[in-house]
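Coordinates as given in input21.csv (CSV, C-alpha atoms):
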chain,number,residue,atom,x,y,z
A,26,VAL,CA,0.0,0.0,0.0
A,27,ILE,CA,2.8,2.5,0.9
A,28,LEU,CA,4.6,1.9,-2.4
A,29,GLU,CA,1.4,2.2,-4.4
A,30,ASP,CA,0.5,5.5,-2.6
A,31,LEU,CA,4.0,6.9,-3.3
A,32,HIS,CA,3.9,5.8,-6.9
A,33,TYR,CA,0.3,6.8,-7.9
A,34,LEU,CA,-0.8,9.5,-5.4
A,35,GLN,CA,2.7,11.2,-5.1
A,36,PRO,CA,2.0,12.5,-1.5
A,37,ALA,CA,4.1,15.1,0.4
A,38,SER,CA,3.8,12.9,3.5
A,39,TRP,CA,2.5,9.5,4.6
A,40,CYS,CA,1.2,8.7,8.0
A,41,TYR,CA,0.2,5.4,9.6
A,42,TRP,CA,-2.9,5.9,11.6
A,43,GLN,CA,-3.0,2.8,13.7
A,44,PRO,CA,0.5,2.0,15.3
A,45,VAL,CA,-0.9,0.1,18.3
A,46,GLU,CA,-4.1,-2.0,18.4
A,47,HIS,CA,-5.8,-4.0,21.1
A,48,HIS,CA,-5.4,-7.8,20.5
A,49,SER,CA,-5.4,-7.3,16.7
A,50,SER,CA,-2.7,-7.5,14.0
A,51,TRP,CA,-4.1,-4.3,12.4
A,52,GLY,CA,-1.6,-2.3,14.3
A,53,LEU,CA,2.1,-2.4,14.0
A,54,VAL,CA,2.3,-3.5,17.7
A,55,GLU,CA,-0.4,-5.7,19.3
A,56,ALA,CA,-1.2,-4.6,22.8
A,57,ASP,CA,-3.4,-5.4,25.8
A,58,PHE,CA,-5.2,-2.2,26.8
A,59,GLY,CA,-6.7,-4.0,29.8
A,60,ASP,CA,-10.3,-4.2,31.0
A,61,ALA,CA,-10.1,-1.9,34.0
A,62,PRO,CA,-9.7,1.9,33.5
A,63,SER,CA,-6.7,1.9,35.9
A,64,GLN,CA,-4.9,-1.0,34.2
A,65,GLU,CA,-1.8,0.0,32.4
A,66,PRO,CA,-1.6,-1.1,28.7
A,67,ARG,CA,1.1,-3.6,27.9
A,68,ALA,CA,2.5,-5.3,24.8
A,69,ALA,CA,0.6,-8.5,24.1
A,70,ASP,CA,3.1,-9.9,21.5
A,71,LEU,CA,6.3,-9.0,19.7
A,72,PRO,CA,5.8,-6.3,17.0
A,73,HIS,CA,4.0,-7.5,13.9
A,74,PRO,CA,6.4,-8.1,10.9
A,75,LYS,CA,4.9,-5.0,9.3
A,76,TYR,CA,6.4,-2.9,12.1
A,77,TYR,CA,9.8,-3.7,10.5
A,78,ILE,CA,8.4,-3.3,7.0
A,79,PHE,CA,7.3,0.2,7.9
A,80,ALA,CA,10.8,0.8,9.3
A,81,HIS,CA,12.2,0.1,5.9
A,82,PHE,CA,10.6,3.3,4.8
A,83,THR,CA,10.8,5.5,7.9
A,84,ARG,CA,14.5,4.9,8.6
A,85,PHE,CA,15.6,5.5,5.1
A,86,ILE,CA,13.2,7.9,3.3
A,87,ARG,CA,13.5,10.9,5.6
A,88,ARG,CA,11.9,14.3,6.0
A,89,GLY,CA,12.8,16.8,3.2
A,90,MET,CA,14.1,14.2,0.7
A,91,VAL,CA,13.0,14.5,-2.9
A,92,MET,CA,10.9,11.6,-4.1
A,93,LEU,CA,12.1,10.2,-7.4
A,94,HIS,CA,9.5,8.5,-9.7
A,95,CYS,CA,10.1,4.8,-10.3
A,96,SER,CA,8.7,3.1,-13.4
A,97,GLU,CA,7.4,0.2,-11.3
A,98,PRO,CA,5.3,0.5,-8.2
A,99,TRP,CA,7.3,-2.1,-6.2
A,100,ALA,CA,10.2,0.2,-5.5
A,101,ALA,CA,10.7,3.7,-4.2
A,102,ALA,CA,13.7,6.1,-4.3
A,103,SER,CA,14.5,9.4,-2.8
A,104,PHE,CA,17.3,11.9,-3.0
A,105,ALA,CA,18.8,14.1,-0.2
A,106,PRO,CA,20.5,17.1,-2.0
A,107,GLU,CA,22.2,18.4,1.1
A,108,GLU,CA,23.8,15.0,1.8
A,109,ASN,CA,24.3,13.9,-1.9
A,110,SER,CA,22.7,10.5,-1.0
A,111,ILE,CA,20.0,8.3,-2.4
A,112,ALA,CA,17.7,6.0,-0.3
A,113,ALA,CA,16.0,3.1,-2.0
A,114,VAL,CA,13.3,0.6,-1.0
A,115,ILE,CA,13.0,-2.4,-3.3
A,116,THR,CA,10.6,-5.2,-2.9
A,117,ASN,CA,10.1,-8.6,-4.6
A,118,PRO,CA,6.3,-9.1,-4.9
A,119,THR,CA,6.7,-12.5,-6.6
A,120,HIS,CA,6.9,-16.0,-5.0
A,121,VAL,CA,10.3,-16.8,-6.5
A,122,ILE,CA,13.8,-15.4,-5.9
A,123,SER,CA,14.3,-12.4,-8.1
A,124,LYS,CA,17.4,-10.4,-9.1
A,125,GLN,CA,16.4,-6.8,-9.7
A,126,ARG,CA,18.1,-3.7,-11.1
A,127,LEU,CA,17.4,-0.2,-10.0
A,128,ARG,CA,18.7,2.1,-12.6
A,129,LEU,CA,19.4,5.8,-11.8
A,130,PRO,CA,20.0,7.6,-15.1
A,131,ALA,CA,20.3,11.1,-13.6
A,132,PHE,CA,23.1,10.2,-11.1
A,133,VAL,CA,26.7,9.3,-11.1
A,134,PRO,CA,29.2,8.5,-8.3
A,135,LYS,CA,30.7,11.6,-6.7
A,136,GLY,CA,34.5,11.4,-6.5
A,137,ARG,CA,34.7,7.7,-7.3
A,138,GLY,CA,35.6,5.7,-10.2
A,139,SER,CA,33.3,3.3,-12.1
A,140,GLU,CA,34.4,0.2,-10.2
A,141,ARG,CA,31.8,-2.2,-8.8
A,142,ARG,CA,31.3,-2.1,-5.0
A,143,ARG,CA,28.9,-3.5,-2.5
A,144,LEU,CA,26.9,-1.6,0.1
A,145,GLN,CA,25.4,-2.9,3.3
A,146,ALA,CA,21.6,-2.9,3.3
A,147,VAL,CA,18.9,-4.5,5.4
A,148,LEU,CA,16.4,-7.1,4.3
A,149,THR,CA,13.1,-8.4,5.8
A,150,GLU,CA,11.3,-11.6,4.9
A,151,PRO,CA,8.0,-11.3,6.8
A,152,GLN,CA,6.8,-14.9,6.2
A,153,ARG,CA,10.1,-16.3,7.6
A,154,ARG,CA,10.3,-13.8,10.4
A,155,ARG,CA,13.7,-12.6,9.2
A,156,LEU,CA,13.5,-9.0,10.3
A,157,PHE,CA,16.0,-6.3,9.4
A,158,VAL,CA,18.8,-8.8,8.6
A,159,PRO,CA,22.0,-7.5,6.9
A,160,CYS,CA,22.3,-8.0,3.1
A,161,GLU,CA,24.5,-6.7,0.3
A,162,VAL,CA,23.5,-4.5,-2.7
A,163,GLU,CA,25.9,-4.2,-5.6
A,164,VAL,CA,26.5,-0.8,-7.0
A,165,GLN,CA,28.0,-0.2,-10.5
A,166,GLU,CA,28.3,2.6,-13.1
A,167,ALA,CA,26.8,1.4,-16.4
A,168,ALA,CA,26.1,3.3,-19.5
A,169,GLY,CA,27.1,6.6,-17.8
A,170,CYS,CA,24.7,6.2,-14.8
A,171,LEU,CA,24.4,4.4,-11.5
A,172,GLU,CA,22.8,1.0,-11.1
A,173,LEU,CA,21.9,-1.0,-7.9
A,174,LEU,CA,21.6,-4.7,-8.2
A,175,VAL,CA,20.1,-7.0,-5.5
A,176,GLU,CA,18.8,-10.5,-5.3
A,177,LEU,CA,15.7,-10.8,-3.2
A,178,PRO,CA,14.0,-13.8,-1.7
A,179,PRO,CA,10.2,-14.2,-2.4
A,180,ARG,CA,8.0,-11.6,-0.8
A,181,ALA,CA,11.0,-9.7,0.6
A,182,ILE,CA,11.8,-6.0,1.1
A,183,CYS,CA,15.2,-4.4,1.0
A,184,SER,CA,16.4,-0.9,2.0
A,185,VAL,CA,19.7,0.7,1.1
A,186,GLN,CA,21.3,4.1,1.4
A,187,LEU,CA,23.7,5.2,-1.4
A,188,PRO,CA,26.1,8.0,-0.4
A,189,ASN,CA,28.3,10.2,-2.5
A,190,VAL,CA,26.2,10.7,-5.6
A,191,SER,CA,25.9,13.7,-8.0
A,192,LEU,CA,23.4,14.8,-10.5
A,193,ILE,CA,24.6,14.4,-14.1
A,194,GLY,CA,25.5,17.8,-15.5
A,195,GLY,CA,22.8,19.4,-17.6
A,196,ALA,CA,20.1,17.1,-16.3
A,197,GLU,CA,18.2,20.0,-14.7
A,198,SER,CA,17.8,21.9,-17.9
A,199,LYS,CA,16.5,18.9,-19.8
A,200,SER,CA,13.7,18.4,-17.3
A,201,SER,CA,12.9,21.9,-16.3
A,202,VAL,CA,9.2,21.4,-16.8
A,203,GLN,CA,8.9,18.5,-14.4
A,204,GLU,CA,7.3,18.8,-10.9
A,205,SER,CA,8.9,18.0,-7.6
A,206,THR,CA,7.6,16.4,-4.4
A,207,THR,CA,9.5,16.6,-1.1
A,208,MET,CA,8.5,14.4,1.8
A,209,ASP,CA,6.6,16.2,4.6
A,210,GLY,CA,6.3,19.3,2.5
A,211,VAL,CA,9.8,20.5,3.3
A,212,ASP,CA,11.1,22.6,0.4
A,213,SER,CA,14.6,24.0,-0.1
A,214,PRO,CA,16.2,25.5,-3.2
A,215,GLU,CA,18.4,22.4,-3.6
A,216,ALA,CA,15.5,20.1,-3.1
A,217,ALA,CA,13.4,22.0,-5.6
A,218,GLN,CA,16.2,21.9,-8.2
A,219,ALA,CA,16.8,18.2,-7.8
A,220,GLY,CA,13.0,17.6,-7.8
A,221,LYS,CA,12.8,18.7,-11.4
A,222,LEU,CA,14.1,15.2,-12.2
A,223,ARG,CA,11.0,13.7,-10.9
A,224,LYS,CA,9.1,12.1,-13.8
A,225,HIS,CA,5.3,11.4,-13.8
A,226,SER,CA,5.6,8.9,-16.6
A,227,HIS,CA,7.9,6.1,-17.5
A,228,ASP,CA,11.2,7.4,-18.8
A,229,ASP,CA,14.6,5.7,-19.5
A,230,GLN,CA,16.8,8.9,-19.5
A,231,LEU,CA,15.8,10.9,-16.5
A,232,GLY,CA,14.3,10.2,-13.1
A,233,VAL,CA,14.6,6.6,-11.9
A,234,THR,CA,14.0,3.5,-14.0
A,235,VAL,CA,13.4,0.2,-12.2
A,236,GLN,CA,13.9,-3.0,-14.2
A,237,MET,CA,13.6,-6.6,-13.2
A,238,ILE,CA,16.4,-8.4,-14.9
A,239,SER,CA,15.7,-12.0,-13.9
A,240,SER,CA,13.5,-14.1,-11.8

Encoding of this model in structure tokens:
Amino acid sequence: VILEDLHYLQPASWCYWQPVEHHSSWGLVEADFGDAPSQEPRAADLPHPKYYIFAHFTRFIRRGMVMLHCSEPWAAASFAPEENSIAAVITNPTHVISKQRLRLPAFVPKGRGSERRRLQAVLTEPQRRRLFVPCEVEVQEAAGCLELLVELPPRAICSVQLPNVSLIGGAESKSSVQESTTMDGVDSPEAAQAGKLRKHSHDDQLGVTVQMISS
């Protein structure tokens, strides 16, 4: 639901309205509110797996970041202009292991060569109760832009932060008519400029293109 909202509704902020629920998995944490008015509420069970799924977004896509449009609704990416970093949330909605590529045509490494390298990321498999476990994402420069490659188990979600990136020179002028969306409505000159890269249609030159390369 979060990914579809970010992809289709393009919100400035996203709030979860039911973090704690009485003996129900509707909330992120199941609790026992007690029968007596004076009884203190207490946790009834460990946090629901979706508590960790929600953390894949809240711990990576932060206030003030510029949301980049992805061509597929099963991934989200955002850019922090002040930090020159990108945060990405990638999911595998299928029931088989999938190797996926997140292509970022508007970005290149900042002060680094084109060698491949690996970044530490976190992975959650809700059905197997593997919650926020370390994993690796491969980063490479291909065809003059950045690409992230990751192999995901079935029904898994992965989050990664990519530091030290730069906008490709001249990209702003090519997309000057595009709109921008910053999370939580925080706007800055840098965010507004970077936000011009945000595309509202599929595009293989600007914005973010997500491609599944094998399954």

Against region 161-174 of chain A, which residues of region 52-145 of chain A fall within 6 Å? For each one I want the closest pair of atoms and the distance in Å (one decimal), counting all atoms listed in the file, rows by chain and increasing residue number, as JSON lines.
{"residue": "A:Gln125", "atom": "CA", "partner": "A:Leu174", "partner_atom": "CA", "distance": 5.8}
{"residue": "A:Arg126", "atom": "CA", "partner": "A:Leu174", "partner_atom": "CA", "distance": 4.7}
{"residue": "A:Leu127", "atom": "CA", "partner": "A:Leu173", "partner_atom": "CA", "distance": 5.0}
{"residue": "A:Arg128", "atom": "CA", "partner": "A:Glu172", "partner_atom": "CA", "distance": 4.5}
{"residue": "A:Leu129", "atom": "CA", "partner": "A:Leu171", "partner_atom": "CA", "distance": 5.2}
{"residue": "A:Pro130", "atom": "CA", "partner": "A:Cys170", "partner_atom": "CA", "distance": 4.9}
{"residue": "A:Phe132", "atom": "CA", "partner": "A:Cys170", "partner_atom": "CA", "distance": 5.7}
{"residue": "A:Val133", "atom": "CA", "partner": "A:Cys170", "partner_atom": "CA", "distance": 5.2}
{"residue": "A:Ser139", "atom": "CA", "partner": "A:Glu166", "partner_atom": "CA", "distance": 5.1}
{"residue": "A:Arg141", "atom": "CA", "partner": "A:Gln165", "partner_atom": "CA", "distance": 4.6}
{"residue": "A:Arg142", "atom": "CA", "partner": "A:Val164", "partner_atom": "CA", "distance": 5.4}
{"residue": "A:Arg143", "atom": "CA", "partner": "A:Glu163", "partner_atom": "CA", "distance": 4.4}
{"residue": "A:Leu144", "atom": "CA", "partner": "A:Val162", "partner_atom": "CA", "distance": 5.3}
{"residue": "A:Gln145", "atom": "CA", "partner": "A:Glu161", "partner_atom": "CA", "distance": 4.9}

Residues within 7 Å of region 190-194 of chain A, please, as number ranges by chain. Count all atoms listed in the file; anything in the same chain fewer than 6 positions from it doesn't count. A: 109-110, 131-135

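Between CA of Gln43 (chain A) and CA of Tyr77 (chain A) lies a distance of 14.7 Å.
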
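Reported to one decimal place, the separation of CA of Ser38 (chain A) from CA of Gln186 (chain A) is 19.7 Å.
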
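Put simply, CA of Val114 (chain A) is 19.0 Å away from CA of Leu53 (chain A).
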
Around the point (10.9, -8.6, 5.7), in the coordinates given by the file, pick out the residues reaching within 12 Å, counting all atoms listed in the file, and return them as a ChimeraX atom specification. /A:73-82,114-118,147-160,177-184

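Proximity ranking of A:Trp99, A:Phe58, A:Phe104, A:Trp51 relative to Asn189 (chain A) places A:Phe104 first, based on all atoms listed in the file.
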
Which polymer residues have any atom within 8 Å of an atom of Ala102 (chain A), counting only C-alpha atoms, with same-chain residues fewer than 4 positions away left out, as a PyMOL selection string? chain A and resi 86+92-95+111-114+233
